[in-house]
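Enquirer: Provided herewith is a single structure, encoded as structure tokens, for subsequent inquiry.
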Amino acid sequence: MILLQLLINGLVTGCALGVVAISFSLVYSTIKIFHVAHAGVYTLAGYIAWSLSTRGVPSLLAFAGAIAFCALVGAGIQQFLYRQLERRRASHLVVLIASLGMLAVIQNLIAGIYTPNILQFQIGWSQTTLRVAGVLLSYTQLLTVAMGIAAYLGMMFFAHRTALGKRIRAVASNPFLADITRLEPKRVYVIVIAIASAVVALPGVLVPLDFGLQPYSGVNALLTATIAMIAGGIGSISGAFFLAIGIAVVQNLSLLVIPGEWSIGVTFFIFVIFMLFRPTGLFTAR
Amino acid sequence: MTQKLRIVLAALVSTLALAGAAMAETVRLGAILPLTGPGAVIGTQQQRGIQLAVEQINAKGGVLGNPIEVIFEDNQAKPDQSVLSFNKLVDLQHVPMIFSAYSGPTLAMAPLATRKKILLVNGGAQADKLADASPYLINTIPTIGGEVEVMVRYLMSQGKKTGAILFENDAAGISGRDNYLKYYPAGGGTLVGQEPTQFGQTDFRPALLKVGAANPQVMLVAITAGLQQMAQQYKQLDQKYQVAGTSFFADPQTIADPAAEGFIHTQVRIDAPAELADAFKKKFDANFDFFAKQYYNATLVVAKALEKVLADKQPVTGENLRQAIFDIRSFQGLIPMEFKSNTATMVMDINVMRGGKDVRLTEMKSE
Amino acid sequence: MDFWYTYIVLAEIYVLLGLSTNLLVGIVGIFSVSQAAVFGVGAYIVAAATMNDTLSFVPALLIASACGLALNVLVTLPSLRVSGDYFVVTSFGIQLLATAIFTNWTEGTGGANGLPGIPPPDIFGLAVTETRQFLVLSSVLLSLGCLAFWLAMRAPYGRLLRAIREDELAVAAAGKNILFAKVSAAALAGAFAGSAGGLYGSFLSFVDPSSFDLDASILLLTMVVVGGARTLTGSIIGPFVLLALPQLLALVDIPTTIAAASRQLIYGVLLIAFMLFRPQGLAGEKL
């Protein structure tokens with residue numbers, strides 16, 4: 001019984017992490033930027049939704065507002081930070097540090113405006129629970145799973161079946177060629193980061209419904225997501241998504257065999273070992 | 001003759017001037033609190049408690065006519081920043097006493113306080129090591145051990161003899177866990193499990209499920225953040241065991257949340273009159289919560305000691321302030337408390353969360 | 001005066017650590033974010049050894065730097081196999097693993113409570129209790145560190161390291177031993193970080209995991225970046241500026257309710273501004 005409940009719990013957490021992972025992976029494989037500030041956008045989504053919903057905006061509308069806002073913020077970061085850095089021929093390291101700076105800016109703007117306290121949504125239905133096959137699940141959790149699957153399928157469809165998705169993949173595989181064939185990589189980059197930011201806003205609003213809002217909480221989610229992305233093979237949407245679920249499930253189930261203090265340590269230990277022996281990931285995209 | 005008179009007059013004038021200066025001299029005190037980072041949630045409340053107390057004391061003309069000023073330093077809850085801030089306050093601002101919070105930073109400053117004879121007043125951290133870290137460290141809140149001992153006595157009287165621990169994996173939480181490990185079996189109970197969570201991590205489901213699987217009568221809790229989320233997940237998972245904790249449970253949002261119905265906890269009694277809570281709300285647009293009250297209270301203790309030092313015409317030093325606290329011994333701040341040792345003894349209640357309110361079940365005393 | 005001494009001692013310790021980071025990140029081009037972990041191991045070793053009277057300060061510090069050396073070689077090993085962002089994430093992982101060990105191995109590290117009451121250093125019978133005495137000690141060690149860094153960079157060895165960063169393949173083709181160069185640079189960096197840790201622990205007389213976490217690693221990186229990568233001057237300026245920054249910003253009058261977050265905010269803005277307009281830092285070479 002507890003095994004099943006822990007498994008389900010891991011799946012739910014994993015779905016949210018998986019969406020963070022695929023959105024991060026989209027940015028990374030296209031723009032080749034280690035977009036750490038993505039964690040800030042993720043956190044921001046929840047706070048915007050909270051602001052709107054406490055002002056009486058219906059929850060779905062509040063979520064949509066947050067998603068749109070995040071897309072704008074993401075596009076802004078690309079346009080006013082990454083693009084300027086690229087123009088200055090900044091090295092990879094410089095861009096990474098600038099992104100870390102951006103993350104600090106977003107987190108502390110949030111902490112300054114909303115205080116660093118844990119905030120909780122006052123949305124009644126989010127707490128209601130259902131018993132599904134003997135396992136208790138809240139509406140928020142069910143919604144998170146539905147969102148995760150929808151985002152994954154949507155992303156797969158978008159990348160492989162739509163014109164824009166194909167264009168993005170073309171730019172990702174060869175930016176130089178894309179530039180001379182007038183695929184306009186610079187515009188594609190802005191679109192990509194806007195899409196990724198909108199997608200990461202989905203778990204960004206759903207996760208805090210369950211766990212409350214904290215300004216500095218995005219980093220952990222992003223780190224696990226990054227690990228999933230790398231272990232899953234960079235460029236592979238499925239790899240990133242399922243690895244993230246795998247990690248969350250393992251972290252939950254590991255509680256049955258090892259003391260909880262060590263579960264994070266063990267995750268990273270396995271990851272470091274993994275990097276030593278199979279650095280290209282499990283499902284490398286060809 | 002005129003010369004003599006002149007000397008006398010000059011002496012008189014300078015004495016008066018000195019006396020005048022002494023009368024209106026601002027007393028500068030320090031406070032080293034986490035004002036940024038994850039610790040800032042509590043640090044900001046503590047800062048506000050001090051600010052309100054200082055404002056009210058100064059509005060009444062200060063301590064024997066001397067206004068107080070508290071200089072705040074941010075340590076981000078980190079020991080090295082604390083040591084830097086400590087030296088800054090002591091060397092550059094010459095403060096005789098410093099308010100401190102959080103176990104790690106306070107323990108890091110304790111040896112310095114001993115060496116430089118600066119009074120440290122802690123009204124928030126509850127690690128057991130604080131009790132004897134330095135003769136110059138005064139705790140206006142009981143250590144966690146004191147609270148746990150009371151809670152265990154109560155649980156035993158209720159026949160709750162199997163327990164599991166949920167603790168936060170940081171200094172405060174581990175201190176709580178260690179005390180449960182010490183007092184619960186000593187009181188005649190059996191521990192069937194212990195589950196950690198990370199500070200600031202609000203997914204309690206795996207830990208709650210595992211506690212539930214061990215089937216205890218009571219879950220003994222030592223967490224400082226995410227209490228409301230824990231309560232909600234406890235409710236959603238339909239867990240049946242009793243939930244028991246310490247003063248950290250005094251979080252207004254958790255108490256108001258129906259999910260926390262029936263939670264019991266020890267409560268260091270700290271009552272604030274309604275007008276004080278209103279004044280706080282008006283000034284900061286926030287509730288006068290546990291830590292704000294604690295530091296308001298700690299400021300009253302320091303002001304009282306300062307009054308004695310000034311009345312005795314002694315220089316305001318850490319040494320004299322410390323001596324004054326032990327000389328006065330019994331204080332009436334927001335609550336009565338007594339300094340038999342460096343750590344205050346105070347009345348403790350067992351409260352239960354019922355109908356969105358924190359209701360007193362019974363009164364006990366820490367030993 | 002103790003305030004200024006404290007400030008200088010802490011800055012000097014971070015300079016030593018900065019040299020270590022600069023050597024790895026700036027000069028060899030191994031982007032490590034786990035230097036704080038090595039720093040922490042040094043601090044815990046000196047703390048544990050001197051607290052139980054097993055060893056006096058000098059041998060404890062030597063062991064700390066030896067362990068730092070060995071550990072740093074170990075944690076930079078993955079960089080031989082994986083490069084770029086892969087190593088960054090691996091390095092993040094190593095840092096988090098170290099934090100988990102510092103926090104959970106209660107017998108060795110005191111866990112989250114830390115180890116209070118580390119005795120002041122004892123240099124062959126002379127107790128270093130006053131801050132100004134400690135300043136002498138840390139200055140001597142730092143001078144040694146700077147000298148070693150300067151000599152290494154002037155030697156053909158330094159040019160070899162720089163060449164590896166620019167073009168590893170060409171260096172290998174020229175018949176140079178890349179493996180040796182990288183490992184020895186990591187070893188030197190580790191010895192710096194380990195001894196900096198030992199100094200840090202005995203100076204504060206208290207260690208806990210919060211001083212050696214991911215934030216500390218990132219702060220360290222910021223110090224190197226703001227000061228300026230690849231140069232001795234940059235490594236020295238960075239820690240002094242960044243440790244002074246919170247103190248200077250405290251002088252700016254901001255309402256207390258938002259002061260806290262806004263200070264950290266300015267810090268982020270500075271990082272971005274430096275990267276946009278002066279990526280070489282105050283006194284370094286272009287990254």
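Ordering of the structure tokens sets the chain letters (A, B, ...); residue numbers start at 1 within each chain; ligands are numbered from 1 in the order shown.
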Please produce, as a Markdown table, a per-residue contact table for chain A versus chain B (criterion: any atom at most 8 Å away, only C-alpha atoms considered), showing the nearest atom pair and its distance in Å to one decimal, sorted by chain then residue number.

Expert:
| residue | atom | partner | partner_atom | distance |
| --- | --- | --- | --- | --- |
| A:Ile2 | CA | B:Leu209 | CA | 6.6 |
| A:Gln5 | CA | B:Leu209 | CA | 7.8 |
| A:Leu6 | CA | B:Pro206 | CA | 6.1 |
| A:Asn9 | CA | B:Arg205 | CA | 7.5 |
| A:Thr115 | CA | B:Val41 | CA | 7.4 |
| A:Pro116 | CA | B:Val41 | CA | 5.3 |
| A:Asn117 | CA | B:Val41 | CA | 5.0 |
| A:Ile118 | CA | B:Gly226 | CA | 7.0 |
| A:Gln127 | CA | B:Gln236 | CA | 7.1 |
| A:Thr128 | CA | B:Gln236 | CA | 7.4 |
| A:Thr129 | CA | B:Gln236 | CA | 6.0 |
| A:Leu136 | CA | B:Leu237 | CA | 5.9 |
| A:Leu137 | CA | B:Gln236 | CA | 7.4 |
| A:Ser138 | CA | B:Gln236 | CA | 6.7 |
| A:Asp210 | CA | B:Gln229 | CA | 7.5 |
| A:Phe211 | CA | B:Thr202 | CA | 5.4 |
| A:Gly212 | CA | B:Gln229 | CA | 6.8 |
| A:Tyr216 | CA | B:Pro38 | CA | 7.2 |
| A:Ser217 | CA | B:Gly200 | CA | 7.6 |
| A:Asn252 | CA | B:Pro206 | CA | 6.2 |
| A:Leu255 | CA | B:Pro206 | CA | 7.6 |
| A:Leu256 | CA | B:Lys210 | CA | 7.8 |
| A:Pro259 | CA | B:Glu195 | CA | 7.4 |
| A:Gly260 | CA | B:Pro196 | CA | 5.7 |
| A:Glu261 | CA | B:Pro196 | CA | 5.9 |

Enquirer: Can you spit out the residues from that selection as a compact mmCIF listing (two decimals), in the first residue's frame, using N, CA and C atoms?

Expert:
# COMPACT_ATOMS: atom_id res chain seq x y z
N ILE A 2 1.78 1.32 0.95
CA ILE A 2 2.64 2.50 1.02
C ILE A 2 3.52 2.57 -0.22
N GLN A 5 1.43 4.10 -2.95
CA GLN A 5 1.22 5.52 -2.69
C GLN A 5 2.50 6.33 -2.97
N LEU A 6 3.65 5.79 -2.57
CA LEU A 6 4.92 6.47 -2.82
C LEU A 6 5.22 6.53 -4.31
N ASN A 9 3.04 9.15 -5.81
CA ASN A 9 3.57 10.45 -5.39
C ASN A 9 4.78 10.84 -6.23
N THR A 115 7.78 39.30 0.07
CA THR A 115 8.42 38.78 1.29
C THR A 115 8.90 37.34 1.07
N PRO A 116 9.90 36.91 1.83
CA PRO A 116 10.38 35.54 1.64
C PRO A 116 9.52 34.48 2.31
N ASN A 117 8.41 34.88 2.94
CA ASN A 117 7.53 33.90 3.59
C ASN A 117 6.96 32.89 2.59
N ILE A 118 6.61 31.72 3.10
CA ILE A 118 5.91 30.75 2.25
C ILE A 118 4.47 31.24 2.09
N GLN A 127 -7.46 21.62 -2.58
CA GLN A 127 -7.19 20.73 -1.45
C GLN A 127 -8.06 19.46 -1.46
N THR A 128 -9.11 19.45 -2.28
CA THR A 128 -10.03 18.31 -2.28
C THR A 128 -9.33 17.04 -2.76
N THR A 129 -9.63 15.94 -2.11
CA THR A 129 -8.97 14.70 -2.52
C THR A 129 -9.95 13.68 -3.06
N LEU A 136 -4.89 7.96 -2.39
CA LEU A 136 -5.46 9.29 -2.23
C LEU A 136 -4.72 10.31 -3.08
N LEU A 137 -5.46 11.07 -3.87
CA LEU A 137 -4.84 12.09 -4.70
C LEU A 137 -5.66 13.37 -4.61
N SER A 138 -4.95 14.52 -4.53
CA SER A 138 -5.69 15.78 -4.52
C SER A 138 -5.94 16.21 -5.96
N ASP A 210 0.11 23.10 -4.43
CA ASP A 210 0.28 21.99 -3.52
C ASP A 210 1.27 22.34 -2.40
N PHE A 211 2.41 22.93 -2.79
CA PHE A 211 3.52 23.06 -1.84
C PHE A 211 3.78 24.48 -1.36
N GLY A 212 2.96 25.45 -1.78
CA GLY A 212 3.20 26.83 -1.36
C GLY A 212 4.28 27.49 -2.20
N TYR A 216 13.01 31.20 -3.29
CA TYR A 216 14.28 30.58 -3.65
C TYR A 216 14.15 29.09 -3.98
N SER A 217 12.92 28.66 -4.31
CA SER A 217 12.71 27.22 -4.44
C SER A 217 12.98 26.67 -5.84
N ASN A 252 11.46 8.95 -4.21
CA ASN A 252 10.36 8.61 -3.31
C ASN A 252 10.50 7.19 -2.77
N LEU A 255 13.13 5.96 -0.04
CA LEU A 255 12.84 6.13 1.38
C LEU A 255 12.58 4.81 2.08
N LEU A 256 12.13 3.81 1.31
CA LEU A 256 11.82 2.52 1.91
C LEU A 256 13.08 1.78 2.31
N PRO A 259 17.71 5.87 4.82
CA PRO A 259 17.16 6.99 5.57
C PRO A 259 17.02 8.21 4.68
N GLY A 260 15.94 8.98 4.88
CA GLY A 260 15.62 10.11 4.02
C GLY A 260 16.70 11.17 3.91
N GLU A 261 17.54 11.31 4.95
CA GLU A 261 18.59 12.32 4.89
C GLU A 261 19.47 12.12 3.67

Enquirer: Could you produce a table of the residues of chain A lying within 9 Å of chain C, with the nearest pair of atoms per residue and their separation in Å rounded to one decimal, using only C-alpha atoms, ordered by chain and increasing residue number, as a Markdown table?

Expert:
| residue | atom | partner | partner_atom | distance |
| --- | --- | --- | --- | --- |
| A:Phe34 | CA | C:Asp85 | CA | 7.4 |
| A:Leu81 | CA | C:Leu276 | CA | 7.9 |
| A:Gln84 | CA | C:Leu276 | CA | 7.3 |
| A:Leu85 | CA | C:Leu276 | CA | 6.0 |
| A:Arg88 | CA | C:Leu276 | CA | 7.8 |
| A:Ala90 | CA | C:Pro279 | CA | 7.8 |
| A:Ser91 | CA | C:Leu287 | CA | 6.5 |
| A:His92 | CA | C:Gly84 | CA | 8.7 |
| A:Leu93 | CA | C:Leu287 | CA | 7.3 |
| A:Val94 | CA | C:Met275 | CA | 5.8 |
| A:Val95 | CA | C:Met275 | CA | 7.3 |
| A:Ile97 | CA | C:Leu271 | CA | 7.2 |
| A:Ala98 | CA | C:Ile272 | CA | 4.7 |
| A:Ser99 | CA | C:Ile272 | CA | 7.6 |
| A:Leu100 | CA | C:Gly268 | CA | 7.7 |
| A:Gly101 | CA | C:Gly268 | CA | 4.2 |
| A:Met102 | CA | C:Gly268 | CA | 6.3 |
| A:Leu103 | CA | C:Gly268 | CA | 7.6 |
| A:Ala104 | CA | C:Gly268 | CA | 5.0 |
| A:Val105 | CA | C:Leu265 | CA | 4.9 |
| A:Ile106 | CA | C:Leu265 | CA | 8.0 |
| A:Gln107 | CA | C:Leu265 | CA | 8.1 |
| A:Asn108 | CA | C:Ala261 | CA | 5.1 |
| A:Leu109 | CA | C:Leu265 | CA | 6.7 |
| A:Ile110 | CA | C:Ala261 | CA | 8.5 |
| A:Ala111 | CA | C:Ala261 | CA | 5.9 |
| A:Gly112 | CA | C:Ala261 | CA | 5.1 |
| A:Ile113 | CA | C:Ile258 | CA | 7.7 |
| A:Thr115 | CA | C:Ile258 | CA | 8.1 |
| A:Pro116 | CA | C:Ala261 | CA | 8.7 |
| A:Leu223 | CA | C:Val89 | CA | 8.0 |
| A:Thr226 | CA | C:Val89 | CA | 7.6 |
| A:Ile227 | CA | C:Val89 | CA | 7.1 |
| A:Ile230 | CA | C:Tyr86 | CA | 7.3 |
| A:Glu261 | CA | C:Asn104 | CA | 6.5 |
| A:Trp262 | CA | C:Ala100 | CA | 6.9 |
| A:Ile264 | CA | C:Ala100 | CA | 7.2 |
| A:Gly265 | CA | C:Leu97 | CA | 4.8 |
| A:Val266 | CA | C:Leu97 | CA | 7.6 |
| A:Thr267 | CA | C:Leu97 | CA | 8.5 |
| A:Phe268 | CA | C:Gly93 | CA | 5.2 |
| A:Phe269 | CA | C:Leu97 | CA | 6.4 |
| A:Phe271 | CA | C:Gly93 | CA | 7.2 |
| A:Val272 | CA | C:Thr90 | CA | 5.8 |
| A:Met275 | CA | C:Thr90 | CA | 6.9 |
| A:Leu276 | CA | C:Pro78 | CA | 5.8 |
| A:Phe277 | CA | C:Arg81 | CA | 8.6 |
| A:Pro279 | CA | C:Val82 | CA | 6.4 |
| A:Thr280 | CA | C:Val82 | CA | 8.7 |

Enquirer: Restricted to C-alpha atoms, what would the selected residues look like written as a PDB file, in the first residue's frame?

Expert:
ATOM      1  CA  PHE A  34      22.710  27.101 -19.978  1.00  0.00           C
ATOM      2  CA  LEU A  81      20.530  39.891 -22.148  1.00  0.00           C
ATOM      3  CA  GLN A  84      23.508  41.531 -26.215  1.00  0.00           C
ATOM      4  CA  LEU A  85      26.031  39.076 -24.826  1.00  0.00           C
ATOM      5  CA  ARG A  88      29.723  41.072 -27.667  1.00  0.00           C
ATOM      6  CA  ALA A  90      30.801  36.595 -24.830  1.00  0.00           C
ATOM      7  CA  SER A  91      32.183  33.179 -23.969  1.00  0.00           C
ATOM      8  CA  HIS A  92      30.039  30.391 -22.671  1.00  0.00           C
ATOM      9  CA  LEU A  93      31.186  31.001 -19.116  1.00  0.00           C
ATOM     10  CA  VAL A  94      30.259  34.682 -19.276  1.00  0.00           C
ATOM     11  CA  VAL A  95      26.737  33.871 -20.444  1.00  0.00           C
ATOM     12  CA  ILE A  97      27.414  33.821 -15.027  1.00  0.00           C
ATOM     13  CA  ALA A  98      25.106  36.487 -16.454  1.00  0.00           C
ATOM     14  CA  SER A  99      22.270  33.978 -16.285  1.00  0.00           C
ATOM     15  CA  LEU A 100      23.111  33.279 -12.646  1.00  0.00           C
ATOM     16  CA  GLY A 101      22.957  37.040 -12.065  1.00  0.00           C
ATOM     17  CA  MET A 102      19.545  37.178 -13.746  1.00  0.00           C
ATOM     18  CA  LEU A 103      18.334  34.388 -11.486  1.00  0.00           C
ATOM     19  CA  ALA A 104      19.477  36.364  -8.429  1.00  0.00           C
ATOM     20  CA  VAL A 105      17.652  39.429  -9.756  1.00  0.00           C
ATOM     21  CA  ILE A 106      14.351  37.608 -10.307  1.00  0.00           C
ATOM     22  CA  GLN A 107      14.447  35.735  -7.000  1.00  0.00           C
ATOM     23  CA  ASN A 108      15.212  38.821  -4.989  1.00  0.00           C
ATOM     24  CA  LEU A 109      12.684  40.987  -6.793  1.00  0.00           C
ATOM     25  CA  ILE A 110      10.147  38.368  -5.764  1.00  0.00           C
ATOM     26  CA  ALA A 111      11.473  38.265  -2.201  1.00  0.00           C
ATOM     27  CA  GLY A 112      11.391  42.062  -2.055  1.00  0.00           C
ATOM     28  CA  ILE A 113       7.836  42.371  -3.333  1.00  0.00           C
ATOM     29  CA  THR A 115       8.422  38.781   1.291  1.00  0.00           C
ATOM     30  CA  PRO A 116      10.385  35.539   1.641  1.00  0.00           C
ATOM     31  CA  LEU A 223      18.955  21.140 -11.026  1.00  0.00           C
ATOM     32  CA  THR A 226      19.009  19.437 -15.763  1.00  0.00           C
ATOM     33  CA  ILE A 227      20.286  16.127 -14.550  1.00  0.00           C
ATOM     34  CA  ILE A 230      21.693  15.290 -19.472  1.00  0.00           C
ATOM     35  CA  GLU A 261      18.590  12.318   4.891  1.00  0.00           C
ATOM     36  CA  TRP A 262      20.609  10.555   2.266  1.00  0.00           C
ATOM     37  CA  ILE A 264      19.408  13.639  -2.261  1.00  0.00           C
ATOM     38  CA  GLY A 265      23.012  12.634  -1.666  1.00  0.00           C
ATOM     39  CA  VAL A 266      22.418   9.220  -3.220  1.00  0.00           C
ATOM     40  CA  THR A 267      20.734  10.763  -6.268  1.00  0.00           C
ATOM     41  CA  PHE A 268      23.730  12.935  -6.973  1.00  0.00           C
ATOM     42  CA  PHE A 269      26.178  10.185  -6.204  1.00  0.00           C
ATOM     43  CA  PHE A 271      24.566  10.881 -11.226  1.00  0.00           C
ATOM     44  CA  VAL A 272      28.281  11.602 -10.781  1.00  0.00           C
ATOM     45  CA  MET A 275      28.628  10.890 -15.812  1.00  0.00           C
ATOM     46  CA  LEU A 276      31.947   9.121 -15.432  1.00  0.00           C
ATOM     47  CA  PHE A 277      30.856   6.039 -17.314  1.00  0.00           C
ATOM     48  CA  PRO A 279      28.444  10.870 -20.225  1.00  0.00           C
ATOM     49  CA  THR A 280      26.376  10.951 -23.409  1.00  0.00           C
TER      50      THR A 280
END

Enquirer: Using only C-alpha atoms, select each residue of chain B with any atom at most 6 Å away from an atom of chain C, and give the selection as number ranges by chain.

Expert: B: 35-36, 87-88, 91, 108, 170-171

Enquirer: Could those residues be written to a file, using N, CA and C atoms, as an mmCIF file, in the first residue's frame?

Expert:
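That gives us selection-v4.cif:
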data_model
loop_
_atom_site.group_PDB
_atom_site.id
_atom_site.type_symbol
_atom_site.label_atom_id
_atom_site.label_comp_id
_atom_site.auth_asym_id
_atom_site.auth_seq_id
_atom_site.Cartn_x
_atom_site.Cartn_y
_atom_site.Cartn_z
ATOM 1 N N LEU B 35 18.452 38.670 7.396
ATOM 2 C CA LEU B 35 17.474 39.519 6.718
ATOM 3 C C LEU B 35 17.390 39.211 5.226
ATOM 4 N N THR B 36 18.292 38.357 4.754
ATOM 5 C CA THR B 36 18.154 37.869 3.375
ATOM 6 C C THR B 36 18.289 36.352 3.384
ATOM 7 N N ASN B 87 32.031 41.883 14.820
ATOM 8 C CA ASN B 87 33.180 42.765 14.982
ATOM 9 C C ASN B 87 32.884 44.175 14.498
ATOM 10 N N LYS B 88 32.070 44.265 13.467
ATOM 11 C CA LYS B 88 31.721 45.585 12.939
ATOM 12 C C LYS B 88 30.946 46.374 13.989
ATOM 13 N N ASP B 91 33.366 47.023 17.121
ATOM 14 C CA ASP B 91 34.504 47.923 16.905
ATOM 15 C C ASP B 91 34.090 49.301 16.416
ATOM 16 N N ALA B 108 28.557 30.604 16.744
ATOM 17 C CA ALA B 108 29.802 31.137 16.196
ATOM 18 C C ALA B 108 30.204 32.426 16.911
ATOM 19 N N ASP B 170 18.073 20.306 9.802
ATOM 20 C CA ASP B 170 18.958 21.434 10.052
ATOM 21 C C ASP B 170 19.150 21.548 11.560
ATOM 22 N N ALA B 171 19.899 22.570 11.985
ATOM 23 C CA ALA B 171 20.273 22.638 13.395
ATOM 24 C C ALA B 171 19.047 22.569 14.313
#

Enquirer: Excluding Ser65 of chain C and its own-chain neighbours fewer than 2 positions away, which residues fall within 12 Å of it when counting only C-alpha atoms? Please give them as an MDAnalysis selection string.

Expert: chainID C and resid 16:17 20 38:46 58:63 67:72 145 187:199

Enquirer: Can you list, as a list in words, every residue of segment 61-281 of chain C that DSSP puts in strand (DSSP E or B)?

Expert: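 Secondary structure check on segment 61-281 of chain C, strand (DSSP E or B): Leu115, Pro116, Asp122, Ile123, Leu126, Ala127, Phe206 and Val207 of chain C.
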
Enquirer: What's the separation between atom CA of Ala222 of chain B and atom CA of Gly176 of chain B, in Å to one decimal place?

Expert: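 Result for atom CA of Ala222 of chain B versus atom CA of Gly176 of chain B: 5.4 Å, one decimal.
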
Enquirer: Which of segment 89-326 of chain B end up as helix (DSSP H, G or I) when DSSP is run on this backbone - answer as a PyMOL selection string?

Expert: chain B and resi 89-92+103-116+128-132+144-157+171-186+205-214+227-236+247-249+252-256+258-260+274-284+290-311+318-326

Enquirer: May I ask for the distance between atom CA of Leu276 of chain B and atom CA of Asp289 of chain B, given in Å to one decimal place?

Expert: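 Calculated distance between atom CA of Leu276 of chain B and atom CA of Asp289 of chain B is 11.5 Å.
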
Enquirer: I'd like to know which of A:Val199, A:Ile8, A:Ala178, A:Ile237 is closest to Val135 of chain A, using only C-alpha atoms.

Expert: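 Going through A:Val199, A:Ile8, A:Ala178, A:Ile237 one by one, the smallest distance to Val135 of chain A is for A:Ile8.
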
Enquirer: Which polymer residues have any atom within 8 Å of an atom of Glu285 of chain C, counting only C-alpha atoms, with same-chain residues fewer than 2 positions away left out, as a list in words?

Expert: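 Contacts, with the query itself left out: Gly228, Ala229, Arg230, Thr231, Gln280, Gly281, Ala283 and Leu287 of chain C.
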
Enquirer: Taking into account only C-alpha atoms, which residue in the set C:Ile123, C:Leu151, C:Ile164, C:Leu19 is nearest to Phe57 of chain C?

Expert: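 Of the candidates, the smallest distance to Phe57 of chain C is held by C:Ile123.
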
Enquirer: Expressed in Å to a single decimal, how great is the separation between atom CA of Gln133 of chain C and atom CA of Asp80 of chain B?

Expert: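 It comes out at 18.5 Å.
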
Enquirer: I want to know what sits within 9 Å of Leu310 of chain B, based on only C-alpha atoms, with residues of the same chain fewer than 5 positions away left out; could you give that as a list in words?

Expert: Val63, Leu64, Ala305, Pro315 and Val316 of chain B

Enquirer: Would you mind exporting N, CA and C atoms of the selected residues as a PDB file, in the first residue's frame?

Expert:
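Output file selection.pdb is given in full below:
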ATOM      1  N   VAL B  63      14.955  55.110  27.845  1.00  0.00           N
ATOM      2  CA  VAL B  63      15.251  54.508  29.139  1.00  0.00           C
ATOM      3  C   VAL B  63      15.911  55.562  30.011  1.00  0.00           C
ATOM      4  N   LEU B  64      15.212  56.019  31.052  1.00  0.00           N
ATOM      5  CA  LEU B  64      15.672  57.111  31.919  1.00  0.00           C
ATOM      6  C   LEU B  64      16.134  58.301  31.078  1.00  0.00           C
ATOM      7  N   ALA B 305      17.202  45.882  31.991  1.00  0.00           N
ATOM      8  CA  ALA B 305      18.574  45.763  32.492  1.00  0.00           C
ATOM      9  C   ALA B 305      19.320  47.079  32.293  1.00  0.00           C
ATOM     10  N   PRO B 315      28.774  52.498  33.856  1.00  0.00           N
ATOM     11  CA  PRO B 315      28.904  52.577  32.397  1.00  0.00           C
ATOM     12  C   PRO B 315      28.115  51.450  31.732  1.00  0.00           C
ATOM     13  N   VAL B 316      27.564  51.747  30.561  1.00  0.00           N
ATOM     14  CA  VAL B 316      26.766  50.738  29.854  1.00  0.00           C
ATOM     15  C   VAL B 316      27.709  49.794  29.117  1.00  0.00           C
TER      16      VAL B 316
END

Enquirer: Skipping near chain neighbours, those fewer than 4 positions away, what residues fall within 7 Å of Val243 of chain B using only C-alpha atoms, listed as a PyMOL selection string?

Expert: chain B and resi 218-220+263-264
